[in-house]
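Below you'll find the structure, written out as C-alpha cells, and then a few comments.
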Amino acid sequence: MLINNLFSVEGKVVLVTGGSRGIGEMIAAGFCANGAKVYISARSKDIVKKTAKRLTKLYDSQCIGIESDISSIEGVKKLGNEIKNSEDHLDILINNAGAAWAAPIEDFPEIGWDKVMDLCVKSMFFLTQNLLPLLCKSANKEDPSRIINIGSIDGINNPEFKNFSYSAAKSAVHHMTRVLAAELVKKHINVNAIAPGPFPSKMLGSAVEFNYTELEQKNPRGRIGTPEDIAGLAIFLSSRAGAYTIGEVITCDGGLVASAGHDLS
Ligand SMILES: NC(=O)c1ccc[n+]([C@@H]2O[C@H](COP(=O)([O-])OP(=O)(O)OC[C@H]3O[C@@H](n4cnc5c(N)ncnc54)[C@H](OP(=O)(O)O)[C@@H]3O)[C@@H](O)[C@H]2O)c1
C-alpha cells in the first residue's frame with residue numbers, strides 16, 4: 001500500500017508516440033523521472049533526438065528518440081520494427097501523436113479530413129495491432145500491460161475551434177478505446193484513454209498565437225494544464241494503482257467537461 005509501490009513505473013519499457021514535444025514530452029518526462037525506459041517517436045529526427053538527449057540528462061534516465069512518420073501503415077510498421085529490434089517486450093504504449101486542422105465548414109478540405117483521421121484513428125489502431133505481440137510478452141494477471149490513447153475533450157464537448165475532422169477523430173479514439181479494452185482485457189492488456197483539455201503545445205499554441213490568457217480565463221481551474229497534471233494521470237493508469245481501471249476515458253481538463261453549460265462567472 002506504500003505510495004512508492006502503488007504508483008511505481010520503475011523498469012517499465014514505454015513507447016510514447018509524438019513524444020518529442022507538447023503533451024507527449026510531458027508524459028515521457030514523467031516516466032523518465034520515475035525510472036522507466038522510454039522510447040519517444042516523431043517525424044523530425046533532430047527534435048526527437050534532442051528531446052531524448054535532454055530527458056536522459058535531466059532525469060538520469062534512458063530515453064531513446066526514434067524518427068518515424070506514422071501517418072501511413074508503412075511508417076507504423078517501421079516504428080514497430082524498430083521497437084521489436086531493440087526490446088523483447090513492451091509494458092506501456094502511449095498513443096499520443098496527433099494532428100489537428102481547422103477551417104470554416106464551406107472551405108474544409110479533404111486533406112484536412114484524411115490527415116487527421118489517418119494519424120489520430122487509423123495509425124493508432126494499426127500501431128496497437130503491430131505492437132500487440134510485444135505487449136502480450138510481459139502481460140500477466142497481476143501486472144497487465146497498458147495502452148493509453150490520447151483523445152481530447154473536443155471528442156466529448158462541442159469544440160472551441162472549427163476542427164470538424166479532429167473532434168470526430170477524437171470521439172472515435174474514445175470509442176475505439178472502449179472496444180479495444182473489452183477485446184484486450186482477456187490478454188491482460190488494459191486500455192484507457194485520457195481526454196486532455198488545454199495544454200501548452202505547438203498544436204494548441206498555433207491556434208491562439210501562443211497566448212493562453214483567454215483559455216486560462218475560460219477554464220474552471222483558472223489555468224491551462226501542466227506536465228504534472230498529464231504525467232500524473234498517465235503514471236496512475238500505468239501503475240499498480242491503475243491496474244483495475246479499464247476502458248475509461250478520463251478527462252484532464254481543469255473541469256471544462258464537468259462544467260459545460262454552467263455559468264462560471
Ligand atoms: N495541447 C492540447 O491542448 C491538447 C488537447 C487535447 C488533446 N491533445 C492531444 O494530445 C496529443 C499531443 O498533442 P500536442 O498538443 O502535444 O501536439 P504537438 O505539440 O503538435 O505535438 C505532436 C507530436 O506528434 C508528433 N507527430 C505529428 N505528426 C506525426 C506523424 N505523422 N508521425 C509521427 N509523429 C507525429 C510531433 O512531432 P513531429 O511533428 O516531428 O512529427 C509531436 O511530437 C494529440 O493527440 C492531441 O490531439 C492536445
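Naming works like this for the C-alpha cells: A, B, ... for the chains as they're shown, residue 1 at the start of each chain, ligands 1 onward in shown order.
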
Please identify all protein, DNA and RNA residues within 8 Å of ligand 1, counting only C-alpha atoms and all ligand atoms, and report them as a PyMOL selection string.
chain A and resi 17-25+41-45+47-48+67-72+75+95-100+119-120+150-154+166+170+195-205+225

Tell me which protein, DNA and RNA residues are within 10 Å of Asp229 (chain A), counting only C-alpha atoms, leaving out same-chain ones fewer than 4 positions away, and put them as a short mmCIF file (atom, residue, chain, number, x, y, z; two decimals) with N, CA and C atoms, in the first residue's frame.
```cif
data_model
loop_
_atom_site.label_atom_id
_atom_site.label_comp_id
_atom_site.auth_asym_id
_atom_site.auth_seq_id
_atom_site.Cartn_x
_atom_site.Cartn_y
_atom_site.Cartn_z
N MET A 26 5.69 15.80 -22.12
CA MET A 26 5.34 15.91 -20.69
C MET A 26 5.17 14.51 -20.09
N ILE A 27 4.48 13.64 -20.83
CA ILE A 27 4.25 12.28 -20.33
C ILE A 27 5.58 11.52 -20.28
N PRO A 196 -7.47 15.15 -22.80
CA PRO A 196 -6.94 16.41 -22.24
C PRO A 196 -7.80 17.61 -22.63
N PHE A 199 -3.52 22.25 -23.02
CA PHE A 199 -2.14 22.15 -22.54
C PHE A 199 -1.27 22.94 -23.50
N ILE A 224 -4.22 26.64 -17.62
CA ILE A 224 -4.14 25.51 -18.55
C ILE A 224 -3.35 24.38 -17.87
N GLY A 225 -3.26 23.25 -18.54
CA GLY A 225 -2.63 22.08 -17.92
C GLY A 225 -1.12 22.20 -17.82
N LEU A 233 -1.55 11.52 -14.32
CA LEU A 233 -2.66 10.63 -14.70
C LEU A 233 -2.14 9.44 -15.51
N ALA A 234 -1.19 9.69 -16.41
CA ALA A 234 -0.64 8.58 -17.21
C ALA A 234 0.10 7.59 -16.30
N CYS A 252 -8.81 15.36 -18.38
CA CYS A 252 -7.73 16.03 -17.63
C CYS A 252 -7.77 17.45 -18.15
N ASP A 253 -8.73 18.24 -17.64
CA ASP A 253 -9.12 19.47 -18.33
C ASP A 253 -9.47 20.63 -17.41
N GLY A 254 -9.16 20.50 -16.12
CA GLY A 254 -9.49 21.59 -15.20
C GLY A 254 -10.98 21.78 -14.98
#
```

Within 10 Å of region 127-137 of chain A, which residues of region 148-259 of chain A come that close, and what is the closest atom pair and distance in Å for each? Count only C-alpha atoms and give it as CSV.
```
residue,atom,partner,partner_atom,distance
A:Asn149,CA,A:Thr128,CA,9.9
A:Leu180,CA,A:Thr128,CA,9.5
A:Leu184,CA,A:Leu132,CA,9.3
A:Lys187,CA,A:Cys136,CA,6.8
A:His188,CA,A:Cys136,CA,7.5
A:Ile189,CA,A:Cys136,CA,7.3
```

Just write the chosen residues, C-alpha atoms, as a PDB file, in the first residue's frame.
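Listing of again.pdb after writing:
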```
ATOM      1  CA  ASN A 149      -4.818   6.557 -26.027  1.00  0.00           C
ATOM      2  CA  LEU A 180     -10.176  -2.409 -27.584  1.00  0.00           C
ATOM      3  CA  LEU A 184      -7.669  -6.930 -24.862  1.00  0.00           C
ATOM      4  CA  LYS A 187      -4.968 -10.827 -22.903  1.00  0.00           C
ATOM      5  CA  HIS A 188      -4.090  -8.888 -19.719  1.00  0.00           C
ATOM      6  CA  ILE A 189      -3.734  -5.588 -21.540  1.00  0.00           C
TER       7      ILE A 189
END
```

Running DSSP on the backbone, which parts of region 36-263 of chain A land in alpha helix (DSSP H), as a PyMOL selection string?
chain A and resi 45-59+73-86+110-117+123-138+164-184+202-207+213-218+227-238

Could you dump the residues just selected with C-alpha atoms as an mmCIF file, in the first residue's frame?
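Writing the result to part-v3.cif gives the following:
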```cif
data_model
loop_
_atom_site.group_PDB
_atom_site.id
_atom_site.type_symbol
_atom_site.label_atom_id
_atom_site.label_comp_id
_atom_site.auth_asym_id
_atom_site.auth_seq_id
_atom_site.Cartn_x
_atom_site.Cartn_y
_atom_site.Cartn_z
ATOM 1 C CA LYS A 45 14.814 13.433 -36.364
ATOM 2 C CA ASP A 46 16.615 16.466 -34.944
ATOM 3 C CA ILE A 47 13.894 17.360 -32.469
ATOM 4 C CA VAL A 48 13.148 13.823 -31.282
ATOM 5 C CA LYS A 49 16.857 13.098 -30.730
ATOM 6 C CA LYS A 50 17.327 16.423 -28.907
ATOM 7 C CA THR A 51 14.354 15.800 -26.640
ATOM 8 C CA ALA A 52 15.558 12.267 -25.874
ATOM 9 C CA LYS A 53 19.004 13.602 -25.016
ATOM 10 C CA ARG A 54 17.524 16.320 -22.806
ATOM 11 C CA LEU A 55 15.245 13.930 -20.887
ATOM 12 C CA THR A 56 18.050 11.381 -20.483
ATOM 13 C CA LYS A 57 20.295 14.040 -18.939
ATOM 14 C CA LEU A 58 17.641 15.789 -16.876
ATOM 15 C CA TYR A 59 16.376 12.626 -15.196
ATOM 16 C CA ILE A 73 0.897 1.887 -42.477
ATOM 17 C CA GLU A 74 4.481 1.632 -43.792
ATOM 18 C CA GLY A 75 5.553 4.159 -41.141
ATOM 19 C CA VAL A 76 3.655 2.265 -38.450
ATOM 20 C CA LYS A 77 5.406 -0.983 -39.445
ATOM 21 C CA LYS A 78 8.784 0.747 -39.456
ATOM 22 C CA LEU A 79 8.279 2.066 -35.921
ATOM 23 C CA GLY A 80 7.010 -1.335 -34.773
ATOM 24 C CA ASN A 81 10.128 -2.997 -36.220
ATOM 25 C CA GLU A 82 12.456 -0.506 -34.523
ATOM 26 C CA ILE A 83 10.928 -1.327 -31.139
ATOM 27 C CA LYS A 84 10.984 -5.087 -31.854
ATOM 28 C CA ASN A 85 14.656 -4.903 -32.837
ATOM 29 C CA SER A 86 15.524 -3.282 -29.511
ATOM 30 C CA GLU A 110 -10.335 16.656 -47.922
ATOM 31 C CA ILE A 111 -6.669 16.691 -46.861
ATOM 32 C CA GLY A 112 -7.732 18.234 -43.539
ATOM 33 C CA TRP A 113 -10.067 15.286 -43.053
ATOM 34 C CA ASP A 114 -7.728 12.495 -44.160
ATOM 35 C CA LYS A 115 -4.593 13.772 -42.414
ATOM 36 C CA VAL A 116 -6.321 13.996 -39.038
ATOM 37 C CA MET A 117 -8.309 10.768 -39.309
ATOM 38 C CA SER A 123 -2.485 4.770 -37.165
ATOM 39 C CA MET A 124 -3.486 4.432 -33.520
ATOM 40 C CA PHE A 125 -5.319 1.193 -34.314
ATOM 41 C CA PHE A 126 -2.619 -0.274 -36.549
ATOM 42 C CA LEU A 127 0.284 0.619 -34.241
ATOM 43 C CA THR A 128 -1.608 -1.068 -31.413
ATOM 44 C CA GLN A 129 -2.147 -4.122 -33.650
ATOM 45 C CA ASN A 130 1.525 -4.149 -34.663
ATOM 46 C CA LEU A 131 2.809 -3.986 -31.086
ATOM 47 C CA LEU A 132 0.361 -6.494 -29.575
ATOM 48 C CA PRO A 133 2.862 -9.391 -29.590
ATOM 49 C CA LEU A 134 5.355 -7.269 -27.610
ATOM 50 C CA LEU A 135 2.655 -6.014 -25.225
ATOM 51 C CA CYS A 136 1.493 -9.605 -24.635
ATOM 52 C CA LYS A 137 5.003 -10.817 -23.751
ATOM 53 C CA SER A 138 5.122 -9.354 -20.258
ATOM 54 C CA PHE A 164 -14.568 19.116 -37.788
ATOM 55 C CA SER A 165 -12.350 16.101 -38.515
ATOM 56 C CA TYR A 166 -10.418 16.466 -35.230
ATOM 57 C CA SER A 167 -13.433 16.366 -32.937
ATOM 58 C CA ALA A 168 -14.867 13.410 -34.886
ATOM 59 C CA ALA A 169 -11.482 11.644 -34.760
ATOM 60 C CA LYS A 170 -11.166 12.142 -31.010
ATOM 61 C CA SER A 171 -14.667 10.768 -30.446
ATOM 62 C CA ALA A 172 -13.573 7.752 -32.482
ATOM 63 C CA VAL A 173 -10.480 7.413 -30.285
ATOM 64 C CA HIS A 174 -12.656 7.339 -27.183
ATOM 65 C CA HIS A 175 -14.978 4.669 -28.514
ATOM 66 C CA MET A 176 -12.120 2.639 -30.015
ATOM 67 C CA THR A 177 -10.614 2.694 -26.503
ATOM 68 C CA ARG A 178 -13.726 1.053 -25.053
ATOM 69 C CA VAL A 179 -13.893 -1.523 -27.860
ATOM 70 C CA LEU A 180 -10.176 -2.409 -27.584
ATOM 71 C CA ALA A 181 -10.421 -2.507 -23.785
ATOM 72 C CA ALA A 182 -13.094 -5.207 -23.971
ATOM 73 C CA GLU A 183 -11.068 -7.148 -26.531
ATOM 74 C CA LEU A 184 -7.669 -6.930 -24.862
ATOM 75 C CA LYS A 202 2.684 23.674 -30.748
ATOM 76 C CA MET A 203 -0.739 22.343 -31.743
ATOM 77 C CA LEU A 204 -2.786 24.454 -29.326
ATOM 78 C CA GLY A 205 -0.352 27.365 -29.273
ATOM 79 C CA SER A 206 -0.517 27.896 -33.007
ATOM 80 C CA ALA A 207 -4.316 28.237 -32.756
ATOM 81 C CA THR A 213 -4.667 34.008 -21.374
ATOM 82 C CA GLU A 214 -8.186 33.638 -22.742
ATOM 83 C CA LEU A 215 -8.092 29.851 -22.371
ATOM 84 C CA GLU A 216 -6.921 30.280 -18.776
ATOM 85 C CA GLN A 217 -9.766 32.675 -18.050
ATOM 86 C CA LYS A 218 -12.337 30.314 -19.535
ATOM 87 C CA PRO A 227 3.259 18.413 -17.143
ATOM 88 C CA GLU A 228 2.387 17.214 -13.632
ATOM 89 C CA ASP A 229 -1.338 17.071 -14.484
ATOM 90 C CA ILE A 230 -0.961 14.864 -17.543
ATOM 91 C CA ALA A 231 2.064 12.795 -16.452
ATOM 92 C CA GLY A 232 0.442 12.099 -13.077
ATOM 93 C CA LEU A 233 -2.656 10.634 -14.701
ATOM 94 C CA ALA A 234 -0.637 8.583 -17.207
ATOM 95 C CA ILE A 235 1.510 7.209 -14.358
ATOM 96 C CA PHE A 236 -1.586 6.299 -12.336
ATOM 97 C CA LEU A 237 -3.025 4.381 -15.301
ATOM 98 C CA SER A 238 0.311 2.598 -15.848
#
```

Would you please work out which residue, of A:Tyr244, A:Asn219, A:Asp88, A:Thr226, is nearest to Ser259 (chain A) when using only C-alpha atoms?
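Distance minimum relative to Ser259 (chain A) lands on A:Asn219.
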
For Ile147 (chain A), find every residue with an atom within 8 Å (counting only C-alpha atoms), except residues of its own chain fewer than 6 positions away, and show them as a short mmCIF file (atom, residue, chain, number, x, y, z; two decimals) with C-alpha atoms, in the first residue's frame.
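File part_13.cif, as written:
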```cif
data_model
loop_
_atom_site.label_atom_id
_atom_site.label_comp_id
_atom_site.auth_asym_id
_atom_site.auth_seq_id
_atom_site.Cartn_x
_atom_site.Cartn_y
_atom_site.Cartn_z
CA ILE A 92 3.21 0.56 -21.88
CA LEU A 93 2.13 2.03 -25.22
CA ILE A 94 1.04 5.66 -25.21
CA ASN A 95 -0.69 6.51 -28.47
CA ILE A 189 -3.73 -5.59 -21.54
CA ASN A 190 -5.59 -2.64 -20.00
CA VAL A 191 -6.70 0.04 -22.45
CA ASN A 192 -7.79 3.51 -21.33
#
```

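For the residues A:Leu256, A:Gly222, A:Ala33, A:Ala243, ranking by smallest atom-to-atom distance to Asn140 (chain A) using only C-alpha atoms places A:Ala243 first.
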
Could you list, as a PyMOL selection string, every residue within 9 Å of Val13 (chain A), counting only C-alpha atoms and ignoring same-chain residues fewer than 2 positions away?
chain A and resi 9-11+15+36-39+87+89-93

Residue subset to file, keeping C-alpha atoms, as a compact mmCIF listing (two decimals), in the first residue's frame:
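Everything below was put into part.txt:
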```
# COMPACT_ATOMS: atom_id res chain seq x y z
CA VAL A 9 6.66 2.60 -13.10
CA GLU A 10 10.32 1.80 -12.45
CA GLY A 11 11.89 -0.52 -15.01
CA LEU A 15 6.72 3.96 -26.04
CA ALA A 36 11.18 3.80 -16.83
CA LYS A 37 12.98 3.16 -20.12
CA VAL A 38 11.22 5.45 -22.57
CA TYR A 39 11.13 5.42 -26.35
CA GLU A 87 13.16 -4.87 -26.98
CA HIS A 89 8.64 -6.80 -24.65
CA LEU A 90 6.74 -3.54 -24.21
CA ASP A 91 4.91 -2.70 -20.97
CA ILE A 92 3.21 0.56 -21.88
CA LEU A 93 2.13 2.03 -25.22
```

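Take CA of Gly261 (chain A) and CA of Ala103 (chain A): the distance between them is 24.7 Å.
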
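Of the listed residues (A:Thr245, A:Arg146, A:Val121, A:Ala102), A:Arg146 comes nearest to Val14 (chain A); the distances count only C-alpha atoms.
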
If you run DSSP on the backbone, which residues of region 9-44 of chain A are strand (DSSP E or B), as a PyMOL selection string?
chain A and resi 13-17+37-42

Kindly export the residues of the current selection with N, CA and C atoms, as a PDB file, in the first residue's frame.
```pdb
ATOM      1  N   VAL A  13       9.110  -0.625 -19.723  1.00  0.00           N
ATOM      2  CA  VAL A  13       9.504  -0.199 -21.070  1.00  0.00           C
ATOM      3  C   VAL A  13       8.286   0.466 -21.717  1.00  0.00           C
ATOM      4  N   VAL A  14       8.494   1.720 -22.131  1.00  0.00           N
ATOM      5  CA  VAL A  14       7.371   2.571 -22.555  1.00  0.00           C
ATOM      6  C   VAL A  14       7.641   3.128 -23.952  1.00  0.00           C
ATOM      7  N   LEU A  15       6.622   3.201 -24.785  1.00  0.00           N
ATOM      8  CA  LEU A  15       6.725   3.957 -26.045  1.00  0.00           C
ATOM      9  C   LEU A  15       5.687   5.080 -26.015  1.00  0.00           C
ATOM     10  N   VAL A  16       6.156   6.309 -26.234  1.00  0.00           N
ATOM     11  CA  VAL A  16       5.252   7.459 -26.345  1.00  0.00           C
ATOM     12  C   VAL A  16       5.364   7.988 -27.770  1.00  0.00           C
ATOM     13  N   THR A  17       4.325   7.802 -28.579  1.00  0.00           N
ATOM     14  CA  THR A  17       4.383   8.368 -29.932  1.00  0.00           C
ATOM     15  C   THR A  17       4.166   9.885 -29.825  1.00  0.00           C
ATOM     16  N   LYS A  37      12.202   3.019 -18.883  1.00  0.00           N
ATOM     17  CA  LYS A  37      12.978   3.162 -20.117  1.00  0.00           C
ATOM     18  C   LYS A  37      11.999   3.622 -21.189  1.00  0.00           C
ATOM     19  N   VAL A  38      12.264   4.804 -21.753  1.00  0.00           N
ATOM     20  CA  VAL A  38      11.225   5.447 -22.570  1.00  0.00           C
ATOM     21  C   VAL A  38      11.686   5.660 -24.008  1.00  0.00           C
ATOM     22  N   TYR A  39      10.920   5.123 -24.934  1.00  0.00           N
ATOM     23  CA  TYR A  39      11.125   5.422 -26.355  1.00  0.00           C
ATOM     24  C   TYR A  39      10.155   6.527 -26.744  1.00  0.00           C
ATOM     25  N   ILE A  40      10.657   7.539 -27.446  1.00  0.00           N
ATOM     26  CA  ILE A  40       9.762   8.573 -27.982  1.00  0.00           C
ATOM     27  C   ILE A  40       9.928   8.594 -29.498  1.00  0.00           C
ATOM     28  N   SER A  41       8.836   8.867 -30.200  1.00  0.00           N
ATOM     29  CA  SER A  41       8.931   8.898 -31.663  1.00  0.00           C
ATOM     30  C   SER A  41       8.301  10.172 -32.205  1.00  0.00           C
ATOM     31  N   ALA A  42       8.810  10.608 -33.358  1.00  0.00           N
ATOM     32  CA  ALA A  42       8.267  11.779 -34.059  1.00  0.00           C
ATOM     33  C   ALA A  42       8.890  11.825 -35.453  1.00  0.00           C
TER      34      ALA A  42
END
```
